[in-house]
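So the structure is just underneath, and the comments pick up after that.
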Amino acid sequence: MKFVYSRFGSKKKGDRALYIAMHGGGETLPIINDQQWNNHKNLYQPEEGIYFVPRSPTNSWNMWHQGYMDPFIEQIIEMAIIKEGVNPNKVYIMGFSAGGDGTYQLAPRVADLWAAAAMSAGHPGDAQIDSLYNLPFGLYMGGQDSPYDRNKFAMQWEKELDTLAQQNHGAYIHQVRIFPQYGHWMKLEDAMSMKWMPTFKRNPIPKKVVWVQDDVLRERFCWLQVDSSEVRQGDKIVASYKGNVITIEESDVANLSIGLNDEMLNLNKPVRLMRGKKLIFEGIVPHLPANIQEDVDAMRDMYLVFPAKLRVQGDSASVVVKE
């Protein structure tokens, strides 16, 4: 995957922002996607941070949300942390047109990686809006952008986000701007996202998680983990913690693991795990080096390391013990 990136502003190493910006184009000739990539290299300019512009590895309509993108993104973030001193809690995803399609998809699918997202002039397809519970989502659309009903879907998402925000106080933060005078090209009015997004930082261990599986299945999301062989597209898990009580509020998945660290709970005291209103575990959950090693190997994110873990199997749960 080809890429270019630029540095903006000055920030102490270790606290820089990263913007992953996806170009338009899609299922067309390679030269057209090359033109879109070249145009995107200087399309937006953050006040501070690394502006990273990849060239899509393929020339397909769904080029930004096929399964290969998830490990690519993780490697991009890992390299940016090591090479450029990026703060993993200040990583943002954005895209225009086909890149907007990718933002619609990747924002909720890997919502635990982003601090905020900005979608411009794209189409949502089968994107799972519920997983945006903790992710501020910007949506920018020309009111006359009617091909593929992009404008209608944008208005629909605005209504759904408004409803979800009203039903879940403090969650589903969003900024939606539909510019009635514009079609597909918004004359960079959507660049307002570059001031809105950096007002947010990621919380890697939110007190409540809503996770809906996309067509590209994932095994990890925030402090939850499943086996991809046991989940299907559309499976939903809602879980939360308060004090030393963890509650699985809703789950289409029978078996899952719950990662815990000392910033979430007091692991020196007993932890209670509820499945709905049923108590399925109560006791001390010990720190184990093997759990740390597993998460370091799998996630490469210092904020998503959980030394203590519980394994849930149906209506019972136990401490994860590894040699």
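Following the order of the structure tokens, first chain is A, next is B, and so on, with residues numbered from 1 inside each chain and ligands from 1 in the order they appear.
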
**Prompt:** Counting only C-alpha atoms, what is within 12 Å of Phe72 in chain A, bar same-chain residues fewer than 5 positions away, as a list of chain:residue names?
**Reply:** A:Met1, A:Lys2, A:Phe3, A:Ile20, A:Pro54, A:Arg55, A:Ser56, A:Pro57, A:Trp64, A:His65, A:Gln66, A:Gly67, A:Ile77, A:Glu78, A:Met79, A:Leu106

Written file, previous selection with N, CA and C atoms, as an mmCIF file, in the first residue's frame:
```cif
data_model
loop_
_atom_site.group_PDB
_atom_site.id
_atom_site.type_symbol
_atom_site.label_atom_id
_atom_site.label_comp_id
_atom_site.auth_asym_id
_atom_site.auth_seq_id
_atom_site.Cartn_x
_atom_site.Cartn_y
_atom_site.Cartn_z
ATOM 1 N N MET A 1 0.840 -1.187 0.000
ATOM 2 C CA MET A 1 0.000 0.000 0.000
ATOM 3 C C MET A 1 0.883 1.247 0.000
ATOM 4 N N LYS A 2 0.735 2.061 -1.048
ATOM 5 C CA LYS A 2 1.469 3.321 -1.105
ATOM 6 C C LYS A 2 0.865 4.310 -0.101
ATOM 7 N N PHE A 3 1.678 5.212 0.391
ATOM 8 C CA PHE A 3 1.163 6.243 1.290
ATOM 9 C C PHE A 3 2.114 7.429 1.319
ATOM 10 N N ILE A 20 -5.924 9.630 9.548
ATOM 11 C CA ILE A 20 -5.877 8.718 8.414
ATOM 12 C C ILE A 20 -6.973 9.155 7.453
ATOM 13 N N PRO A 54 -3.156 7.187 2.585
ATOM 14 C CA PRO A 54 -2.817 5.957 1.859
ATOM 15 C C PRO A 54 -3.452 5.958 0.471
ATOM 16 N N ARG A 55 -2.828 5.223 -0.449
ATOM 17 C CA ARG A 55 -3.434 4.968 -1.759
ATOM 18 C C ARG A 55 -4.075 3.593 -1.648
ATOM 19 N N SER A 56 -5.343 3.503 -1.956
ATOM 20 C CA SER A 56 -6.029 2.225 -1.818
ATOM 21 C C SER A 56 -5.273 1.116 -2.539
ATOM 22 N N PRO A 57 -5.121 -0.039 -1.887
ATOM 23 C CA PRO A 57 -4.431 -1.158 -2.533
ATOM 24 C C PRO A 57 -5.177 -1.724 -3.735
ATOM 25 N N TRP A 64 -12.006 0.533 0.651
ATOM 26 C CA TRP A 64 -11.555 0.970 1.980
ATOM 27 C C TRP A 64 -12.129 0.139 3.122
ATOM 28 N N HIS A 65 -13.022 -0.781 2.844
ATOM 29 C CA HIS A 65 -13.588 -1.521 3.981
ATOM 30 C C HIS A 65 -13.607 -3.023 3.756
ATOM 31 N N GLN A 66 -12.719 -3.514 2.911
ATOM 32 C CA GLN A 66 -12.514 -4.954 2.846
ATOM 33 C C GLN A 66 -11.693 -5.403 4.049
ATOM 34 N N GLY A 67 -11.619 -6.711 4.244
ATOM 35 C CA GLY A 67 -10.995 -7.251 5.445
ATOM 36 C C GLY A 67 -9.539 -6.894 5.626
ATOM 37 N N ILE A 77 -1.113 2.687 12.674
ATOM 38 C CA ILE A 77 -1.114 3.316 13.998
ATOM 39 C C ILE A 77 0.147 2.946 14.768
ATOM 40 N N GLU A 78 0.520 1.664 14.713
ATOM 41 C CA GLU A 78 1.724 1.216 15.418
ATOM 42 C C GLU A 78 2.960 1.958 14.921
ATOM 43 N N MET A 79 3.100 2.079 13.590
ATOM 44 C CA MET A 79 4.259 2.781 13.033
ATOM 45 C C MET A 79 4.255 4.255 13.413
ATOM 46 N N LEU A 106 -15.615 1.795 8.603
ATOM 47 C CA LEU A 106 -14.514 1.570 9.544
ATOM 48 C C LEU A 106 -14.698 2.288 10.868
#
```

**Request:** Step one, run DSSP on the backbone; step two, keep only residues of range 134-313 of chain A assigned to strand (DSSP E); then write them as a ChimeraX atom specification.
**Result:** /A:137-142,174-179,208-212,220-221,224-225,236-242,245-251,255-260,271-275,278-283,308-313

Selected residues written out, C-alpha atoms, as a PDB file, in the first residue's frame:
```pdb
ATOM      1  CA  PHE A 137     -18.996  10.952  14.443  1.00  0.00           C
ATOM      2  CA  GLY A 138     -18.996  13.834  11.968  1.00  0.00           C
ATOM      3  CA  LEU A 139     -21.155  13.597   8.839  1.00  0.00           C
ATOM      4  CA  TYR A 140     -20.892  16.124   5.989  1.00  0.00           C
ATOM      5  CA  MET A 141     -23.016  15.969   2.845  1.00  0.00           C
ATOM      6  CA  GLY A 142     -24.220  18.094  -0.045  1.00  0.00           C
ATOM      7  CA  HIS A 174     -22.187  13.714  16.487  1.00  0.00           C
ATOM      8  CA  GLN A 175     -21.907  16.713  14.220  1.00  0.00           C
ATOM      9  CA  VAL A 176     -24.017  16.571  11.044  1.00  0.00           C
ATOM     10  CA  ARG A 177     -23.905  19.276   8.384  1.00  0.00           C
ATOM     11  CA  ILE A 178     -25.956  18.904   5.208  1.00  0.00           C
ATOM     12  CA  PHE A 179     -25.235  21.810   2.868  1.00  0.00           C
ATOM     13  CA  LYS A 208     -20.240   1.006  28.564  1.00  0.00           C
ATOM     14  CA  VAL A 209     -19.593  -0.771  25.274  1.00  0.00           C
ATOM     15  CA  VAL A 210     -21.986  -1.442  22.403  1.00  0.00           C
ATOM     16  CA  TRP A 211     -20.446  -3.823  19.865  1.00  0.00           C
ATOM     17  CA  VAL A 212     -22.183  -5.060  16.714  1.00  0.00           C
ATOM     18  CA  ARG A 220     -11.556  -7.763  20.146  1.00  0.00           C
ATOM     19  CA  PHE A 221     -13.374  -4.550  20.949  1.00  0.00           C
ATOM     20  CA  LEU A 224     -14.287  -7.476  25.269  1.00  0.00           C
ATOM     21  CA  GLN A 225     -13.043 -10.497  23.341  1.00  0.00           C
ATOM     22  CA  LYS A 236     -24.521  -7.648  19.398  1.00  0.00           C
ATOM     23  CA  ILE A 237     -22.975  -7.315  22.850  1.00  0.00           C
ATOM     24  CA  VAL A 238     -23.798  -4.543  25.312  1.00  0.00           C
ATOM     25  CA  ALA A 239     -21.717  -4.538  28.491  1.00  0.00           C
ATOM     26  CA  SER A 240     -20.881  -2.045  31.215  1.00  0.00           C
ATOM     27  CA  TYR A 241     -19.081  -1.686  34.534  1.00  0.00           C
ATOM     28  CA  LYS A 242     -19.661   0.462  37.600  1.00  0.00           C
ATOM     29  CA  VAL A 245     -19.681  -4.737  39.146  1.00  0.00           C
ATOM     30  CA  ILE A 246     -19.600  -5.732  35.474  1.00  0.00           C
ATOM     31  CA  THR A 247     -22.898  -6.296  33.697  1.00  0.00           C
ATOM     32  CA  ILE A 248     -23.511  -8.051  30.402  1.00  0.00           C
ATOM     33  CA  GLU A 249     -26.684  -6.176  29.537  1.00  0.00           C
ATOM     34  CA  GLU A 250     -27.315  -7.875  26.208  1.00  0.00           C
ATOM     35  CA  SER A 251     -25.461 -10.529  24.229  1.00  0.00           C
ATOM     36  CA  ASN A 255     -19.028 -17.259  25.145  1.00  0.00           C
ATOM     37  CA  LEU A 256     -16.795 -14.228  25.578  1.00  0.00           C
ATOM     38  CA  SER A 257     -13.881 -12.910  27.617  1.00  0.00           C
ATOM     39  CA  ILE A 258     -13.776  -9.703  29.641  1.00  0.00           C
ATOM     40  CA  GLY A 259     -10.483  -7.882  30.138  1.00  0.00           C
ATOM     41  CA  LEU A 260      -9.911  -5.934  33.357  1.00  0.00           C
ATOM     42  CA  VAL A 271     -15.393  -8.440  41.335  1.00  0.00           C
ATOM     43  CA  ARG A 272     -19.020  -9.251  40.597  1.00  0.00           C
ATOM     44  CA  LEU A 273     -20.165 -10.231  37.097  1.00  0.00           C
ATOM     45  CA  MET A 274     -23.835 -10.114  36.154  1.00  0.00           C
ATOM     46  CA  ARG A 275     -25.456 -11.587  33.062  1.00  0.00           C
ATOM     47  CA  LYS A 278     -28.158 -13.073  37.277  1.00  0.00           C
ATOM     48  CA  LEU A 279     -24.917 -13.162  39.279  1.00  0.00           C
ATOM     49  CA  ILE A 280     -22.554 -15.524  37.454  1.00  0.00           C
ATOM     50  CA  PHE A 281     -19.240 -14.731  39.187  1.00  0.00           C
ATOM     51  CA  GLU A 282     -17.991 -13.161  42.401  1.00  0.00           C
ATOM     52  CA  GLY A 283     -14.391 -13.201  43.568  1.00  0.00           C
ATOM     53  CA  ALA A 308      -6.883  -9.796  34.621  1.00  0.00           C
ATOM     54  CA  LYS A 309      -9.542 -11.634  32.621  1.00  0.00           C
ATOM     55  CA  LEU A 310     -12.825 -13.441  33.051  1.00  0.00           C
ATOM     56  CA  ARG A 311     -14.155 -16.060  30.660  1.00  0.00           C
ATOM     57  CA  VAL A 312     -17.928 -16.227  30.251  1.00  0.00           C
ATOM     58  CA  GLN A 313     -19.502 -19.459  29.049  1.00  0.00           C
TER      59      GLN A 313
END
```

Taking 3 positions as the minimum chain separation for residues in the same chain, which residues sit within 7 Å of range 30-45 of chain A when counting only C-alpha atoms? Answer as a PDB file with N, CA and C atoms, in the first residue's frame.
```pdb
ATOM      1  N   HIS A  23      -8.960   8.618   0.263  1.00  0.00           N
ATOM      2  CA  HIS A  23      -9.349   9.323  -0.955  1.00  0.00           C
ATOM      3  C   HIS A  23     -10.593   8.711  -1.597  1.00  0.00           C
ATOM      4  N   GLY A  24     -11.131   9.447  -2.583  1.00  0.00           N
ATOM      5  CA  GLY A  24     -12.278   8.983  -3.347  1.00  0.00           C
ATOM      6  C   GLY A  24     -11.852   8.175  -4.558  1.00  0.00           C
ATOM      7  N   GLY A  25     -12.823   7.860  -5.399  1.00  0.00           N
ATOM      8  CA  GLY A  25     -12.569   7.049  -6.584  1.00  0.00           C
ATOM      9  C   GLY A  25     -13.443   5.819  -6.533  1.00  0.00           C
ATOM     10  N   GLY A  26     -12.802   4.645  -6.482  1.00  0.00           N
ATOM     11  CA  GLY A  26     -13.561   3.410  -6.348  1.00  0.00           C
ATOM     12  C   GLY A  26     -13.323   2.455  -7.486  1.00  0.00           C
ATOM     13  N   VAL A  53      -2.056   9.826   4.246  1.00  0.00           N
ATOM     14  CA  VAL A  53      -2.934   9.574   3.102  1.00  0.00           C
ATOM     15  C   VAL A  53      -2.478   8.311   2.374  1.00  0.00           C
ATOM     16  N   ARG A  55      -2.828   5.223  -0.449  1.00  0.00           N
ATOM     17  CA  ARG A  55      -3.434   4.968  -1.759  1.00  0.00           C
ATOM     18  C   ARG A  55      -4.075   3.593  -1.648  1.00  0.00           C
ATOM     19  N   ASN A  59      -8.687  -1.193  -6.725  1.00  0.00           N
ATOM     20  CA  ASN A  59      -9.495  -0.225  -7.461  1.00  0.00           C
ATOM     21  C   ASN A  59     -10.938  -0.707  -7.531  1.00  0.00           C
ATOM     22  N   ALA A 191     -14.364  20.704   5.621  1.00  0.00           N
ATOM     23  CA  ALA A 191     -13.088  20.821   6.339  1.00  0.00           C
ATOM     24  C   ALA A 191     -13.283  21.335   7.762  1.00  0.00           C
TER      25      ALA A 191
END
```

**Prompt:** Leaving out Ile50 in chain A and any residue of its chain fewer than 4 positions from it, which residues lie within 6 Å of it when counting only C-alpha atoms, given as a ChimeraX atom specification?
**Reply:** /A:6-7,18

Per-residue nearest contacts range 171-220 of chain A to range 146-166 of chain A, cut-off 7 Å, using only C-alpha atoms, as a Markdown table:
```
| residue | atom | partner | partner_atom | distance |
| --- | --- | --- | --- | --- |
| A:Ala171 | CA | A:Ala165 | CA | 5.7 |
| A:Tyr172 | CA | A:Ala165 | CA | 5.0 |
| A:Ile173 | CA | A:Ala165 | CA | 6.7 |
| A:Val176 | CA | A:Glu158 | CA | 6.4 |
```

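Each of A:Lys277, A:Val86, A:Cys222, A:Ala121 was compared to Gly183 in chain A using only C-alpha atoms, and A:Ala121 turns out to be the nearest.
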
**Message:** Need the shell around Asn261 in chain A: protein/DNA/RNA residues with any atom at most 8 Å away, counting only C-alpha atoms. Skip same-chain ones fewer than 5 positions apart. Format as a PyMOL selection string?
**Reply:** chain A and resi 267+305-308

**Item:** DSSP-assigned helix (DSSP H, G or I) among range 15-244 of chain A, expressed as a ChimeraX atom specification
**Value:** /A:30-40,69-84,98-109,129-132,147-167,189-199,228-230

**Message:** Can you tell me which residues surround Asp15 in chain A at a distance of at most 10 Å, considering only C-alpha atoms, apart from same-chain residues fewer than 4 positions away, and format the answer as a count of residues only?
**Reply:** 11

**Request:** Give me the residues within 8 Å of Gln233 in chain A as an MDAnalysis selection string, counting only C-alpha atoms and dropping any in the same chain fewer than 5 places off.
**Result:** chainID A and resid 212:217

Let's have the selection written as a PDB file, in the first residue's frame, with N, CA and C atoms.
```
ATOM      1  N   VAL A 212     -21.436  -4.288  17.706  1.00  0.00           N
ATOM      2  CA  VAL A 212     -22.183  -5.060  16.714  1.00  0.00           C
ATOM      3  C   VAL A 212     -21.206  -5.547  15.659  1.00  0.00           C
ATOM      4  N   GLN A 213     -21.207  -6.842  15.393  1.00  0.00           N
ATOM      5  CA  GLN A 213     -20.283  -7.411  14.418  1.00  0.00           C
ATOM      6  C   GLN A 213     -20.648  -6.976  12.994  1.00  0.00           C
ATOM      7  N   ASP A 214     -19.630  -6.531  12.262  1.00  0.00           N
ATOM      8  CA  ASP A 214     -19.774  -6.178  10.854  1.00  0.00           C
ATOM      9  C   ASP A 214     -19.605  -7.446  10.020  1.00  0.00           C
ATOM     10  N   ASP A 215     -19.577  -7.274   8.678  1.00  0.00           N
ATOM     11  CA  ASP A 215     -19.330  -8.445   7.827  1.00  0.00           C
ATOM     12  C   ASP A 215     -17.887  -8.917   7.924  1.00  0.00           C
ATOM     13  N   VAL A 216     -16.977  -8.008   8.322  1.00  0.00           N
ATOM     14  CA  VAL A 216     -15.610  -8.416   8.663  1.00  0.00           C
ATOM     15  C   VAL A 216     -15.594  -8.638  10.167  1.00  0.00           C
ATOM     16  N   LEU A 217     -15.493  -9.878  10.587  1.00  0.00           N
ATOM     17  CA  LEU A 217     -15.635 -10.218  12.001  1.00  0.00           C
ATOM     18  C   LEU A 217     -14.380  -9.829  12.774  1.00  0.00           C
TER      19      LEU A 217
END
```
